[in-house]
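Colleague: One file: data-v9.cif (mmCIF, C-alpha atoms and all ligand atoms).
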```cif
data_final
loop_
_atom_site.label_atom_id
_atom_site.label_comp_id
_atom_site.auth_asym_id
_atom_site.auth_seq_id
_atom_site.Cartn_x
_atom_site.Cartn_y
_atom_site.Cartn_z
CA MET A 1 -106.84 -25.39 92.42
CA PRO A 2 -105.47 -27.78 89.77
CA ASN A 3 -108.55 -29.95 90.32
CA LEU A 4 -110.81 -27.00 89.70
CA ILE A 5 -108.96 -26.16 86.48
CA ARG A 6 -109.25 -29.77 85.40
CA THR A 7 -112.98 -29.67 86.14
CA PHE A 8 -113.38 -26.47 84.11
CA CYS A 9 -111.50 -28.03 81.19
CA LYS A 10 -113.67 -31.15 81.30
CA ILE A 11 -116.83 -29.03 81.24
CA LEU A 12 -115.49 -26.87 78.40
CA ASN A 13 -114.64 -29.96 76.35
CA HIS A 14 -118.02 -31.50 77.09
CA LEU A 15 -119.96 -28.40 76.04
CA GLN A 16 -117.87 -28.07 72.88
CA ALA A 17 -118.52 -31.73 72.01
CA GLN A 18 -122.23 -31.23 72.70
CA TYR A 19 -122.31 -28.14 70.49
CA ASP A 20 -120.54 -29.99 67.67
CA VAL A 21 -122.92 -32.97 67.84
CA TRP A 22 -126.09 -30.89 67.99
CA SER A 23 -124.84 -28.66 65.16
CA LYS A 24 -124.33 -31.70 62.95
CA MET A 25 -127.81 -32.95 63.84
CA ILE A 26 -129.78 -29.76 63.28
CA TYR A 27 -128.14 -28.46 60.12
CA PRO A 28 -128.11 -30.19 56.78
CA PRO A 29 -124.72 -31.33 55.50
CA GLY A 30 -122.70 -28.36 54.40
CA ARG A 31 -123.73 -26.20 57.31
CA PRO A 32 -124.79 -22.82 55.94
CA PHE A 33 -122.47 -20.81 58.19
CA PRO A 34 -119.34 -21.40 60.25
CA PRO A 35 -119.68 -22.56 63.85
CA SER A 36 -119.77 -20.04 66.65
CA ARG A 37 -117.16 -19.85 69.35
CA LEU A 38 -118.17 -21.03 72.80
CA ASP A 39 -117.21 -18.67 75.59
CA VAL A 40 -117.89 -20.42 78.90
CA ARG A 41 -117.57 -18.42 82.09
CA PHE A 42 -117.67 -20.01 85.51
CA GLU A 43 -119.54 -17.22 87.24
CA VAL A 44 -123.06 -15.88 87.68
CA GLY A 45 -124.42 -14.13 84.60
CA THR A 46 -126.91 -14.24 81.77
CA SER A 47 -126.02 -16.54 78.89
CA GLY A 48 -126.53 -15.27 75.37
CA TYR A 49 -125.63 -15.36 71.72
CA VAL A 50 -123.48 -12.40 70.68
CA LYS A 51 -124.33 -11.73 67.06
CA SER A 52 -121.50 -9.27 66.37
CA LYS A 53 -118.86 -11.70 67.66
CA HIS A 54 -120.37 -14.97 66.44
CA LYS A 55 -120.12 -16.48 69.87
CA ILE A 56 -122.26 -18.16 72.46
CA VAL A 57 -121.55 -17.02 76.00
CA LEU A 58 -122.56 -19.51 78.67
CA TYR A 59 -122.44 -18.71 82.35
CA ILE A 60 -122.01 -21.65 84.72
CA PRO A 61 -122.46 -20.43 88.30
CA PRO A 62 -120.18 -22.11 90.88
CA GLY A 63 -123.20 -23.86 92.41
CA ASN A 64 -123.99 -25.58 89.09
CA ILE A 65 -120.59 -27.08 88.39
CA GLU A 66 -121.51 -30.32 90.15
CA ASP A 67 -124.42 -30.73 87.70
CA PHE A 68 -121.82 -31.82 85.17
CA ASP A 69 -120.35 -34.63 87.29
CA LYS A 70 -122.55 -37.24 85.68
CA ARG A 71 -122.75 -35.52 82.32
CA VAL A 72 -119.14 -35.17 81.25
CA GLY A 73 -118.19 -37.78 78.69
CA GLN A 74 -121.80 -38.46 77.73
CA VAL A 75 -122.70 -36.42 74.71
CA ILE A 76 -126.46 -36.36 74.24
CA LYS A 77 -127.86 -37.00 70.79
CA ARG A 78 -131.59 -37.36 70.44
CA LEU A 79 -133.56 -35.63 73.19
CA ASP A 80 -136.33 -38.16 73.65
CA ARG A 81 -135.91 -37.85 77.37
CA TRP A 82 -135.02 -34.67 79.16
CA ILE A 83 -131.87 -35.48 81.02
CA LEU A 84 -129.95 -32.32 80.28
CA CYS A 85 -128.38 -30.26 83.02
CA GLY A 86 -128.84 -26.50 83.24
CA GLY A 87 -125.72 -25.60 81.25
CA GLU A 88 -126.69 -27.93 78.41
CA ILE A 89 -130.21 -26.54 78.30
CA GLU A 90 -128.76 -23.04 78.03
CA LEU A 91 -126.43 -24.17 75.26
CA LEU A 92 -129.36 -25.58 73.30
CA HIS A 93 -131.37 -22.40 73.84
CA GLU A 94 -128.50 -20.20 72.63
CA MET A 95 -128.02 -22.46 69.62
CA MET A 96 -131.59 -21.59 68.65
CA HIS A 97 -130.64 -17.91 68.83
CA GLU A 98 -127.55 -18.66 66.76
CA ARG A 99 -129.72 -20.18 64.03
CA GLN A 100 -132.27 -17.37 64.32
CA TYR A 101 -129.65 -14.69 63.69
CA LYS A 102 -127.36 -16.47 61.26
CA GLU A 103 -129.88 -18.26 59.10
CA GLN A 104 -132.92 -16.03 59.56
CA PRO A 105 -135.35 -18.87 58.88
CA ARG A 106 -138.57 -18.21 57.05
CA VAL A 107 -141.61 -17.59 59.29
CA SER A 108 -144.50 -19.83 58.27
CA ASP A 109 -148.13 -19.59 59.34
CA ASP A 110 -147.58 -22.58 61.66
CA VAL A 111 -144.72 -20.76 63.33
CA ARG A 112 -146.87 -17.64 63.78
CA CYS A 113 -149.50 -19.79 65.47
CA LEU A 114 -146.91 -21.40 67.74
CA TYR A 115 -145.49 -17.99 68.58
CA LYS A 116 -148.93 -16.61 69.50
CA ASN A 117 -149.47 -19.48 71.92
CA TYR A 118 -146.06 -19.69 73.52
CA ALA A 119 -144.47 -16.25 73.25
CA ASP A 120 -144.87 -15.76 77.00
CA GLN A 121 -142.64 -18.77 77.75
CA PHE A 122 -139.62 -16.51 77.31
CA SER A 123 -138.64 -13.14 78.66
CA GLY A 124 -136.09 -10.71 77.31
CA PRO A 125 -135.38 -9.62 73.75
CA GLY A 126 -134.86 -11.93 70.78
CA HIS A 127 -137.67 -14.40 71.39
CA ASP A 128 -139.55 -13.40 68.28
CA GLU A 129 -141.13 -15.32 65.39
CA GLU A 130 -137.71 -15.98 63.84
CA PHE A 131 -136.55 -17.55 67.10
CA PHE A 132 -139.57 -19.84 66.96
CA SER A 133 -138.77 -20.60 63.31
CA ALA A 134 -135.29 -21.72 64.34
CA ILE A 135 -136.88 -24.06 66.90
CA VAL A 136 -139.30 -25.51 64.35
CA ALA A 137 -136.46 -26.01 61.86
CA SER A 138 -134.22 -27.70 64.45
CA THR A 139 -136.49 -29.99 66.44
CA PRO A 140 -137.20 -32.79 63.92
CA SER A 141 -133.61 -33.98 63.97
CA LEU A 142 -133.37 -33.62 67.75
CA GLY A 143 -136.20 -36.10 68.33
CA ILE A 144 -138.52 -33.75 70.20
CA SER A 145 -141.46 -31.55 69.32
CA PRO A 146 -141.11 -27.77 69.05
CA VAL A 147 -143.42 -27.38 72.04
CA ASP A 148 -141.21 -29.64 74.17
CA LEU A 149 -138.19 -27.56 73.29
CA ILE A 150 -140.05 -24.30 73.93
CA LYS A 151 -141.26 -25.48 77.33
CA ASN A 152 -137.92 -26.86 78.43
CA THR A 153 -135.31 -24.31 77.41
ZN ZN B 201 -133.18 -16.52 74.68
#
```
Take the structure in the file and write it out as structure tokens.

Modeller:
Amino acid sequence: MPNLIRTFCKILNHLQAQYDVWSKMIYPPGRPFPPSRLDVRFEVGTSGYVKSKHKIVLYIPPGNIEDFDKRVGQVIKRLDRWILCGGEIELLHEMMHERQYKEQPRVSDDVRCLYKNYADQFSGPGHDEEFFSAIVASTPSLGISPVDLIKNT
């Protein structure tokens, strides 16, 4: 049991470090809103951004804990290559929802075009034009194209 708790703590620390690094990369200095709280649950569930509580809830099913073995201690910066594990991909996806709801980025004609083409990549509520705007606003500093992020998260 102590080993499992230690593993959980390592994963929590890793995801928090990853959130902090990506936040610094995607927002200009003087981030426009305070960071969200990460609420990581080691069980099966649907991850999400909870607007009313300013938190990102990430579910890590027991079968995915081993995914982090090689990841812990290696915070990813630029995403030139896709080497993220499932939990990190979900974190990045929920960070796009965080930006969508907190910043409400402007929807440009380019974003509308992107949305028309790729709206069916996502299911469930919240994947609207503002979500795509958050992706377009965030990807330049992450080193990937919006389409790569849309197709991989
Ligand atoms: Zn989503």

Colleague: Distance table requested - chain A against ligand ZN 201 (chain B), cut-off 12 Å, all atoms listed in the file: one row per qualifying residue with the closest atom pair and its distance in Å to one decimal, ordered by chain and rising residue number, as a Markdown table.

Modeller:
```
| residue | atom | partner | partner_atom | distance |
| --- | --- | --- | --- | --- |
| A:Thr46 | CA | B:ZN201 | ZN | 9.7 |
| A:Ser47 | CA | B:ZN201 | ZN | 8.3 |
| A:Gly48 | CA | B:ZN201 | ZN | 6.8 |
| A:Tyr49 | CA | B:ZN201 | ZN | 8.2 |
| A:Val50 | CA | B:ZN201 | ZN | 11.3 |
| A:Ile56 | CA | B:ZN201 | ZN | 11.3 |
| A:Val57 | CA | B:ZN201 | ZN | 11.7 |
| A:Leu58 | CA | B:ZN201 | ZN | 11.7 |
| A:Ile89 | CA | B:ZN201 | ZN | 11.1 |
| A:Glu90 | CA | B:ZN201 | ZN | 8.6 |
| A:Leu91 | CA | B:ZN201 | ZN | 10.2 |
| A:Leu92 | CA | B:ZN201 | ZN | 9.9 |
| A:His93 | CA | B:ZN201 | ZN | 6.2 |
| A:Glu94 | CA | B:ZN201 | ZN | 6.3 |
| A:Met95 | CA | B:ZN201 | ZN | 9.4 |
| A:Met96 | CA | B:ZN201 | ZN | 8.0 |
| A:His97 | CA | B:ZN201 | ZN | 6.5 |
| A:Glu98 | CA | B:ZN201 | ZN | 10.0 |
| A:Arg99 | CA | B:ZN201 | ZN | 11.8 |
| A:Gln100 | CA | B:ZN201 | ZN | 10.4 |
| A:Tyr101 | CA | B:ZN201 | ZN | 11.7 |
| A:Ala119 | CA | B:ZN201 | ZN | 11.4 |
| A:Asp120 | CA | B:ZN201 | ZN | 11.9 |
| A:Gln121 | CA | B:ZN201 | ZN | 10.2 |
| A:Phe122 | CA | B:ZN201 | ZN | 7.0 |
| A:Ser123 | CA | B:ZN201 | ZN | 7.6 |
| A:Gly124 | CA | B:ZN201 | ZN | 7.0 |
| A:Pro125 | CA | B:ZN201 | ZN | 7.3 |
| A:Gly126 | CA | B:ZN201 | ZN | 6.3 |
| A:His127 | CA | B:ZN201 | ZN | 6.0 |
| A:Asp128 | CA | B:ZN201 | ZN | 9.6 |
| A:Glu130 | CA | B:ZN201 | ZN | 11.8 |
| A:Phe131 | CA | B:ZN201 | ZN | 8.4 |
| A:Phe132 | CA | B:ZN201 | ZN | 10.6 |
| A:Ala134 | CA | B:ZN201 | ZN | 11.8 |
| A:Ile135 | CA | B:ZN201 | ZN | 11.4 |
| A:Ile150 | CA | B:ZN201 | ZN | 10.4 |
| A:Asn152 | CA | B:ZN201 | ZN | 12.0 |
| A:Thr153 | CA | B:ZN201 | ZN | 8.5 |
```

Colleague: Separation of atom CA of Val72 of chain A and atom CA of Val44 of chain A, in Å?

Modeller: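 Separating atom CA of Val72 of chain A from atom CA of Val44 of chain A is a distance of 20.7 Å.
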
Colleague: Tell me, in Å to one decimal, how far atom CA of Pro61 of chain A is from atom CA of Pro146 of chain A.

Modeller: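 Spanning atom CA of Pro61 of chain A to atom CA of Pro146 of chain A is a straight-line distance of 27.8 Å.
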
Colleague: State, in Å with one decimal place, the distance from atom CA of Ser52 of chain A to atom CA of Pro29 of chain A.

Modeller: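 The value is 24.8 Å.
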
Colleague: Give me, as a tab-separated table, each residue of segment 63-128 of chain A that comes within 7 Å of segment 18-28 of chain A, together with its shortest interatomic pair and the distance in Å at one decimal, counting all atoms listed in the file, with rows ordered by chain and rising residue number.

Modeller:
```
residue	atom	partner	partner_atom	distance
A:Val75	CA	A:Gln18	CA	5.6
A:Ile76	CA	A:Gln18	CA	6.8
A:Lys77	CA	A:Trp22	CA	7.0
```

Colleague: Excluding Arg78 of chain A and any residue of its chain fewer than 5 positions from it, enumerate the residues within 10 Å of it, using all atoms listed in the file, and give them as a list in words.

Modeller: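 Selected residues are Trp22, Met25, Thr139, Pro140, Ser141, Leu142, Gly143 and Ile144 of chain A.
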
Colleague: Go through A:Asn117, A:Ser145, A:Ser133, A:Gln16 one by one, measure the shortest atom-to-atom distance of each to Arg37 of chain A using all atoms listed in the file, and give the residue with the smallest value.

Modeller: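 Using all atoms listed in the file, Arg37 of chain A sits closest to A:Gln16.
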
Colleague: For each of A:Val111, A:Leu38, A:Ile11, A:Ala137, take the minimum atom-to-atom distance to Asp67 of chain A, counting only C-alpha atoms, then give the residue where this is smallest.

Modeller: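 Using only C-alpha atoms, the shortest distance to Asp67 of chain A belongs to A:Ile11.
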